[in-house]
There are 2 protein chains.
Amino acid sequence: MNSWANAGMDLHIELPRGIGVKAALLQGLRNSIDSGVLTPGTRLPPSRSLAVDLGVSRNTVADCYTELANAGWLITRQGSGTVVAPRADADAVSNAQSPSKSPEQELPRPALSFIPGSPDVSSFPRAQWISSARRSLTSAPNDAFSATDPRGRIELRTALSSYLGRTRGVRTDPEHIVICASSGHGLTLIARVLQQTVAVDAYGLHLHRNLLAAEGIRTVPILVDEFGTCTEQLASTQAKVALLTPTHQFPLGGPLIPSRRRTALEWASDSGGIVIEDDYDGEFRYDRKPVGALQAIAPQHVVYLGTVSKTLSPAIRIGWMVLPDRLIEPVLALKGPYERWVSATEQLTLADFINSGRFDAHIRKMRTSYRRRRDQLVGTLEHRLPEVRIAGISAGLHAVIQLPPGTEGAILSAAEGLGLELVGMSTFRHPDSPSTGNDGIVVGYSTPAPSRYSDALERLCTAMESVL
Amino acid sequence: MNSWANAGMDLHIELPRGIGVKAALLQGLRNSIDSGVLTPGTRLPPSRSLAVDLGVSRNTVADCYTELANAGWLITRQGSGTVVAPRADADAVSNAQSPSKSPEQELPRPALSFIPGSPDVSSFPRAQWISSARRSLTSAPNDAFSATDPRGRIELRTALSSYLGRTRGVRTDPEHIVICASSGHGLTLIARVLQQTVAVDAYGLHLHRNLLAAEGIRTVPILVDEFGTCTEQLASTQAKVALLTPTHQFPLGGPLIPSRRRTALEWASDSGGIVIEDDYDGEFRYDRKPVGALQAIAPQHVVYLGTVSKTLSPAIRIGWMVLPDRLIEPVLALKGPYERWVSATEQLTLADFINSGRFDAHIRKMRTSYRRRRDQLVGTLEHRLPEVRIAGISAGLHAVIQLPPGTEGAILSAAEGLGLELVGMSTFRHPDSPSTGNDGIVVGYSTPAPSRYSDALERLCTAMESVL
């Protein structure tokens with residue numbers, strides 16, 4: 001601790017009345033420790049600081065600390081101050097923290113996972129992120145620490161406007177961008193504004209369907225195939241809103257072909273509808289054929305959603321919406337007069353991270369890494385299980401292993417027995433979908449740590465071999 | 001930029017078909033600039049990097065850059081790369097950013113403000129916060145960058161459990177704490193779980209009433225006086241939930257007296273009700289008489305809400321709920337399987353900020369600063385307007401100037417004319433409240449920057465003198 005931090009600490013203590021100062025302080029401290037308010041390991045203020053706060057002499061406080069240390073309530077160590085002692089009868093303190101629970105034990109999880117949706121978190125660019133935090137917070141205006149514009153910081157919206165145009169072909173400006181906590185948060189806001197049935201892929205992200213259901217929004221499934229969503233079906237639904245993943249259909253993995261893109265936008269234009277474009281992993285393509293955002297063609301009919309959860313980390317809660325003119329005011333009205341969700345400090349950090357070129361550099365580095373993982377997955381399966389087909393390998397952070405009907409559940413069980421967490425196509429099937437028999441495993445190959453990737457692949461092959 | 005960041009940048013470009021590579025690249029770049037997708041100032045990738053990405057020779061890209069620079073589309077500067085040139089006919093680009101809009105112009109606001117709710121943002125401890133970010137992110141486990149526990153990071157919940165016990169007398173442990181984006185977010189979650197009418201102060205925070213109304217929750221007002229909320233009225237309401245500010249009634253400023261605390265908890269205990277304790281500024285008391293959290297007396301009947309928005313900054317969106325046993329699971333079920341709102345990176349930073357003693361040090365420094373402001377406010381008013389009374393001066397970041405009936409609106413208008421933003425008691429009055437005639441100004445004396453505080457006080461006195 002530096003000297004500034006040593007200037008004092010707060011301690012709230014109820015002093016019993018009608019007894020002397022020292023007796024009251026002794027009793028008050030004992031009561032706080034006994035009731036579990038002061039938990040073992042809690043550091044107490046220096047005696048000088050507490051004495052000033054309570055308006056008593058420093059010796060009184062120091063004497064109390066010594067007495068309580070002698071009695072086993074406190075521990076005083078030279079240089080590290082006075083802390084509350086561990087309890088011998090820990091069970092007696094109903095509210096005390098259980099020391100046996102470590103963070104790892106709190107969320108029980110299998111040793112390895114191919115569940116899609118997470119980047120390789122061991123590659124998070126810590127030093128570069130910290131550097132952007134330092135630079136952006138040092139140079140930020142004081143206003144950055146006030147309650148923030150619900151659209152988000154202008155610095156981040158400006159950086160995103162340029163970045164999304166350059167890398168994804170999005171046509172926008174900072175006035176049409178609204179920052180949100182995640183693409184799910186953006187979807188929720190749009191759903192509340194539109195209050196309309198939403199057409200979704202018959203196989204698509206169940207988390208987004210659940211978010212819509214939680215808002216009381218009905219979803220209707222439309223078929224998907226290897227050319228993307230069958231957008232020609234949109235006209236026959238009652239929906240005025242469609243949630244699509246045109247760059248990389250989730251989970252099947254194909255881009256929406258040009259004719260179906262045109263069909264979707266004609267439907268929106270003719271019906272006054274809205275396409276919500278979830279560009280969840282558009283940065284990750286492994287061939288040279290560009291797939292730009294659908295938004296670029298019809299900015300007034302498309303809501304574009306993006307997030308850092310695949311490019312950086314799902315632990316950083318920043319997403320963005322690029323909105324048509326008519327939706328800006330309703331979305332902002334729903335968000336309220338202030339930004340309630342996304343810290344300005346992290347928005348400024350991300351703006352610097354983008355503007356400095358660090359974001360591009362990180363994505364390009366990870367693209368190389370994921371392409372290598374993809375190649376290893378494909379190569380291993382070709383060697384070990386030459387009869388299975390893999391779809392959706394040209395982009396993104398996942399691929400689909402297509403399975404014979406009726407085998408998906410058995411393979412998931414076998415993998416679980418091997419300590420490998422997998423998810424099957426059935427998880428992503430809309431409950432009202434007419435299509436069935438699409439057994440498959442959606443392999444999120446970005447998820448395992450690099451050192452454990454080969455092991456995870458081995459378990460995957462073993463699980464499949466035990467069933468097929 | 002460092003060499004790593006120079007390794008490359010992404011550029012999405014639609015290349016027209018049926019023409020040569022160079023012609024296609026020239027046309028593609030012109031189209032992107034012309035349509036506003038590539039906005040002025042956007043940096044393009046180094047020619048070497050773009051050539052590799054497109055699978056063309058480096059000379060082809062370099063030649064295109066040179067031709068477009070000669071034609072005025074691009075600007076090439078030694079050492080700073082190639083950027084998109086400003087547009088002479090800026091109006092022609094419908095989607096381009098309007099360069100005349102600065103961040104300050106986006107949220108028009110009067111030059112000075114006494115609106116309560118914000119700390120002195122010019123005193124945000126930037127260096128200490130950055131230092132905690134660096135230390136916590138450097139040492140964090142990789143798991144910190146995965147999708148996060150909806151309760152929040154264990155590091156922060158552990159730090160808060162100890163801190164809240166030590167400074168506010170709260171009886172809890174990390175298992176009973178749920179991190180949220182703000183106290184308003186916490187209130188929303190609780191309201192959705194309980195789905196009950198909420199008793200609120202006849203004068204209280206309108207933002208919280210609005211959040212409850214947005215959830216379809218009815219609020220019923222109960223009277224407040226200088227001894228806090230008239231909790232003896234709770235039993236005659238139909239409400240099973242009460243939203244209180246027991247440490248420092250907002251906006252009147254008094255602590256809830258002991259007998260009324262007992263009444264509130266007896267009501268909760270007898271009726272199975274819940275008291276939501278909004279401890280919005282409990283850290284700021286300027287006398288030595290401690291006012292502990294109500295939660296300490298009845299942890300199973302009180303939901304305790306806290307936030308960093310007054311102690312650090314409303315731009316950092318972190319708050320916390322301390323929950324009774326029976327509410328933990330319902331709140332977590334509502335939050336969903338992952339943390340959707342609060343970045344793990346900032347949670348880790350705050351945990352380090354607390355554990356290192358920097359949070360205590362900052363609060364103690366600001367307490368001294370705000371006490372001085374309070375004294376200056378009281379002294380100036382005693383001198384200039386000896387007939388007015390000021391209430392609620394022993395704690396918090398605001399005070400109430402009591403006014404003769406019928407004068408509030410005129411003083412607010414006069415202040416507006418002087419460039420001073422004020423808010424009156426009427427803003428905080430529940431629309432169904434029986435009490436009227438409580439004219440007053442709620443002065444958030446923490447809001448102005450230090451260098452402008454005396455000027456703001458002068459305008460306040462001038463506005464009042466012009467009416468009284």
# chains A, B, ... in the order shown; residues from 1 in each chain; ligands from 1
call {"tool": "select_by_dssp", "arguments": {"residues": "segment 165-244 of chain B", "states": "alpha helix (DSSP H)", "output": "list in words"}}
result
Gly165, Arg166, Thr167, Arg168, Ser183, Gly184, His185, Gly186, Leu187, Thr188, Leu189, Ile190, Ala191, Arg192, Val193, Leu194, His206, Leu207, His208, Arg209, Asn210, Leu211, Leu212, Ala213 and Ala214 of chain B
call {"tool": "residues_around", "arguments": {"residues": "Pro46 of chain A", "least_positions_apart": "4", "cutoff": "8 Å", "atoms": "only C-alpha atoms", "output": "list in words"}}
result
Gly8, Met9, Leu50, Gly81 and Thr82 of chain A
call {"tool": "residues_around", "arguments": {"residues": "segment 192-196 of chain A", "least_positions_apart": "5", "cutoff": "12 Å", "atoms": "only C-alpha atoms", "output": "PyMOL selection string"}}
result
(chain A and resi 185-187+211-220+238-243+272-276+303+326-335) or (chain B and resi 214)
call {"tool": "closest_residue", "arguments": {"among": "B:Asn31, B:Thr172, B:Ser139, B:Thr76", "to": "chain A", "atoms": "only C-alpha atoms"}}
result
B:Thr172
call {"tool": "residues_around", "arguments": {"residues": "Thr447 of chain A", "least_positions_apart": "4", "cutoff": "6 Å", "atoms": "only C-alpha atoms", "output": "ChimeraX atom specification"}}
result
/A:114,118-120
call {"tool": "atom_distance", "arguments": {"atom1": "atom CA of Pro431 of chain A", "atom2": "atom CA of Gln233 of chain A"}}
result
17.8 Å
call {"tool": "select_by_dssp", "arguments": {"residues": "segment 193-380 of chain B", "states": "strand (DSSP E or B)", "output": "count of residues only"}}
result
33
call {"tool": "closest_residue", "arguments": {"among": "B:Leu137, B:Leu29, B:Val178, B:Ala23", "to": "chain A", "atoms": "only C-alpha atoms"}}
result
B:Leu137
